[in-house]
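Chemist: Could you have a look at this structure, given as structure tokens, before my questions?
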Amino acid sequence: ILMLIGVDSYYVPITYVQDAVAKGGVCLDGSPPAYHFEKGFGNGINNWLIHMEGGAWCNNATTCLARTKDRLGSSKLMTKSYTFSGILSNQAKYNPDFYNWNRIKVRYCDGSSYTGDVEAVDPVNKVYYRGARLWRAIMDDLLAKGMNQAQNAILAGCSAGGLGAILQCDNFRALLPSGAKVKCLSDAGFFINIKDITGASHIQEFFAQVVNTHGSAKNLPASCISKYSPGLCFFPENAAQAIQTPLFLLNAAYDSWQIKNSLAPGVADRHGTWRDCKADINQCSDTQLQTMQGFRTTFLAALSSLGNSPSRGLYINSCYCHCQSGTQETWLRDDSPLLDNTSISKAVGDWYFDRNSFQKIDCPYPCDKTCHNRVFE
């Protein structure tokens, strides 16, 4: 196994939460939720790190039905083991602050960033919209396995899981002992409400459809729902203002998923003008780079709309990537990204343990030479 996947990562077997089915906390196809769990050791046995998987969303009956045919909608189709690396590593060398904690990877199969809750089951397709119940069933399972004794805990996630970590952050805090130190980490989960290259509100309309399809409104912050339409409260720039629990936002200012799917989605780029640029930032024209600098400006404005909070952490680097906590090369390695000469691992650890605050925003592209910019097929 070490030869196959490298010495800085390893496989952890799957656990199915069978009793979640009776509670209605199920994947889109009605199968039980699942996670991968490695127990803590040494002085980390009462510390818990939960990292929620991402995988975008489904926004209507057709797209949600399609997801029941793959791992993003059915635990029957998930791999039986998951590679633990980065923030999930069990080696102090690769993950100095959290290596001996109880580490859990929650698998994503609800299509709603763990917020959905519709009682009725789609009668034709037998699709279940139960993301919030699924999340709670997993938390109940972990509480029964010792998380109810947690002294330190982090709810984290990447992409749609990073959005889930924001939206469920205060709920997670409420489940744990009052004396526990609890914080949340959103990796690539700060999705912004931006118009696409044609001026259309593509991602805003999409999120509104997600919230409507999954009945998510009841699980979004009430203070946000009282001011905005439910779909707008799926955007962290609106929802995160209400969160009381300390939150760390780790994000690339040129988030590759948002550039590809919010700024220049296929429907807005019929002739494929952006295809090469979206695959490799080095292939972008000067005009396209200018548009991407505009994306960064809008992204930073959305961040600043949250206001200043001394308890918040910020690591906004100028890379073209999406999710940086779950892989060793970006979390902590000799050549991993640096911001203010600080690795992501050190910034998050310092923030969590109150050794140092960290609220840094990188200079604009292409100034950061430590980035691991993604190149897509």
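By convention in this document, the chains of the structure tokens carry letters A, B, ... by their order, each chain's residues are numbered from 1, and ligands are numbered from 1 in the order they are shown.
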Where does DSSP see strand (DSSP E) in region 140-370 of chain A, if you list the residues as a ChimeraX atom specification?

Modeler: /A:152-158,181-187,247-252,313-317,338-339,342-343,359-361

Chemist: Can you list, as a PyMOL selection string, all residues belonging to region 112-309 of chain A that DSSP tags as helix (DSSP H, G or I)?

Modeler: chain A and resi 131-144+147-149+160-167+169-175+202-214+216-219+222-225+230-234+236-242+256-263+266-268+275-279+281-283+286-304

Chemist: Extract, using only C-alpha atoms, all DNA, RNA and protein residues at most 9 Å from Gln168 (chain A), discarding same-chain residues fewer than 3 positions from it, and format them as a ChimeraX atom specification.

Modeler: /A:114-115,132,135,155,163-165,171-173,219-220

Chemist: Which is closer to Leu88 (chain A) than all the others in A:Ala302, A:Leu332, A:Cys321, A:Val26, using only C-alpha atoms?

Modeler: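 Using only C-alpha atoms, the shortest distance to Leu88 (chain A) belongs to A:Leu332.
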
Chemist: Which one is closest to Lys181 (chain A): A:Ala150, A:Ala217, A:Ala160, A:Ala264? Count only C-alpha atoms.

Modeler: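 Answer, going by the shortest atom-to-atom distance: A:Ala150.
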
Chemist: Closest to Ser304 (chain A) among A:Ala240, A:Gln283, A:Trp351, A:Ser325, using only C-alpha atoms?

Modeler: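 Nearest to Ser304 (chain A): A:Ala240.
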
Chemist: For a quick check of understanding, using only C-alpha atoms, which of A:Leu175, A:Asn152, A:Phe98, A:Leu167 has the smallest distance to Cys233 (chain A)?

Modeler: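 Closest residue, counting only C-alpha atoms: A:Leu167.
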
Chemist: Please provide the set of residues having any atom within 9 Å of Lys278 (chain A), restricted to only C-alpha atoms, with same-chain residues fewer than 6 positions apart removed, written as a ChimeraX atom specification.

Modeler: /A:256,259-260,264,284,375-376

Chemist: Just the residues within 12 Å of Ser285 (chain A), please, counting only C-alpha atoms, with nothing from its chain fewer than 5 positions along; format it as a list in words.

Modeler: Thr273, Trp274, Arg275, Asp276, Cys277, Lys278, Asp280, Gln290, Thr291 and Met292 of chain A

Chemist: Which of these, A:Asn46, A:Asn59, A:Asn100, A:Asn95, has the shortest distance to Ser345 (chain A) once you count only C-alpha atoms?

Modeler: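 Of the candidates, the smallest distance to Ser345 (chain A) is held by A:Asn95.
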
Chemist: I want to know what sits within 12 Å of Ile225 (chain A), based on only C-alpha atoms, with residues of the same chain fewer than 6 positions away left out; could you give that as a list in words?

Modeler: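 Those residues are Val211, Ser216, Ala217, Lys218, Asn219, Gly231, Leu232, Cys233, Phe234, Phe235, Asn238, Ala239, Gln241 and Ala242 of chain A.
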
Chemist: Could you dump the residues just selected with C-alpha atoms as a PDB file, in the first residue's frame?

Modeler:
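Below is the file that was written, part-v8.pdb:
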```pdb
ATOM      1  CA  VAL A 211     -32.384  25.097  -1.693  1.00  0.00           C
ATOM      2  CA  SER A 216     -32.955  23.492   2.873  1.00  0.00           C
ATOM      3  CA  ALA A 217     -34.414  26.819   4.039  1.00  0.00           C
ATOM      4  CA  LYS A 218     -35.312  25.504   7.500  1.00  0.00           C
ATOM      5  CA  ASN A 219     -31.657  24.582   8.050  1.00  0.00           C
ATOM      6  CA  GLY A 231     -31.322  30.752  -2.022  1.00  0.00           C
ATOM      7  CA  LEU A 232     -29.195  33.776  -1.113  1.00  0.00           C
ATOM      8  CA  CYS A 233     -28.602  32.257   2.335  1.00  0.00           C
ATOM      9  CA  PHE A 234     -26.748  29.368   0.691  1.00  0.00           C
ATOM     10  CA  PHE A 235     -23.983  31.884  -0.052  1.00  0.00           C
ATOM     11  CA  ASN A 238     -24.805  36.116   3.686  1.00  0.00           C
ATOM     12  CA  ALA A 239     -25.025  33.023   5.913  1.00  0.00           C
ATOM     13  CA  GLN A 241     -22.527  36.683   9.256  1.00  0.00           C
ATOM     14  CA  ALA A 242     -24.750  34.873  11.757  1.00  0.00           C
TER      15      ALA A 242
END
```

Chemist: Show which residues sit within 10 Å of Gln209 (chain A), as a PyMOL selection string. Count only C-alpha atoms, and ignore same-chain residues fewer than 5 positions away.

Modeler: chain A and resi 58-60+203-204+214-215+230-231

Chemist: Write out the residues from the selection above, keeping N, CA, C and O atoms, as a short mmCIF file (atom, residue, chain, number, x, y, z; two decimals), in the first residue's frame.

Modeler:
```
data_model
loop_
_atom_site.label_atom_id
_atom_site.label_comp_id
_atom_site.auth_asym_id
_atom_site.auth_seq_id
_atom_site.Cartn_x
_atom_site.Cartn_y
_atom_site.Cartn_z
N CYS A 58 -26.99 18.81 -6.44
CA CYS A 58 -28.01 18.56 -7.48
C CYS A 58 -29.16 19.52 -7.23
O CYS A 58 -29.51 19.81 -6.08
N ASN A 59 -29.74 20.04 -8.31
CA ASN A 59 -30.66 21.18 -8.20
C ASN A 59 -32.08 20.89 -8.65
O ASN A 59 -32.93 21.78 -8.64
N ASN A 60 -32.36 19.65 -9.05
CA ASN A 60 -33.73 19.30 -9.43
C ASN A 60 -33.88 17.78 -9.44
O ASN A 60 -32.90 17.05 -9.21
N ILE A 203 -25.05 31.17 -10.99
CA ILE A 203 -24.87 30.45 -9.73
C ILE A 203 -25.97 30.83 -8.72
O ILE A 203 -26.40 30.00 -7.91
N GLN A 204 -26.45 32.05 -8.78
CA GLN A 204 -27.54 32.46 -7.89
C GLN A 204 -28.81 31.65 -8.19
O GLN A 204 -29.48 31.16 -7.27
N HIS A 214 -34.26 20.71 -2.15
CA HIS A 214 -33.91 19.96 -0.94
C HIS A 214 -34.64 20.43 0.31
O HIS A 214 -34.44 19.85 1.38
N GLY A 215 -35.45 21.49 0.20
CA GLY A 215 -36.12 22.00 1.39
C GLY A 215 -35.14 22.47 2.44
O GLY A 215 -35.34 22.27 3.64
N PRO A 230 -34.31 32.47 0.54
CA PRO A 230 -33.55 31.31 1.02
C PRO A 230 -32.32 30.97 0.17
O PRO A 230 -31.26 30.64 0.71
N GLY A 231 -32.46 31.07 -1.15
CA GLY A 231 -31.32 30.75 -2.02
C GLY A 231 -30.10 31.61 -1.76
O GLY A 231 -28.96 31.15 -1.85
#
```

Chemist: Looking at only C-alpha atoms, which of A:Asn261, A:Ser31, A:Ser229, A:Ser75 is the one that sits closest to Ala56 (chain A)?

Modeler: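 Ranked by minimum distance to Ala56 (chain A), first place goes to A:Asn261.
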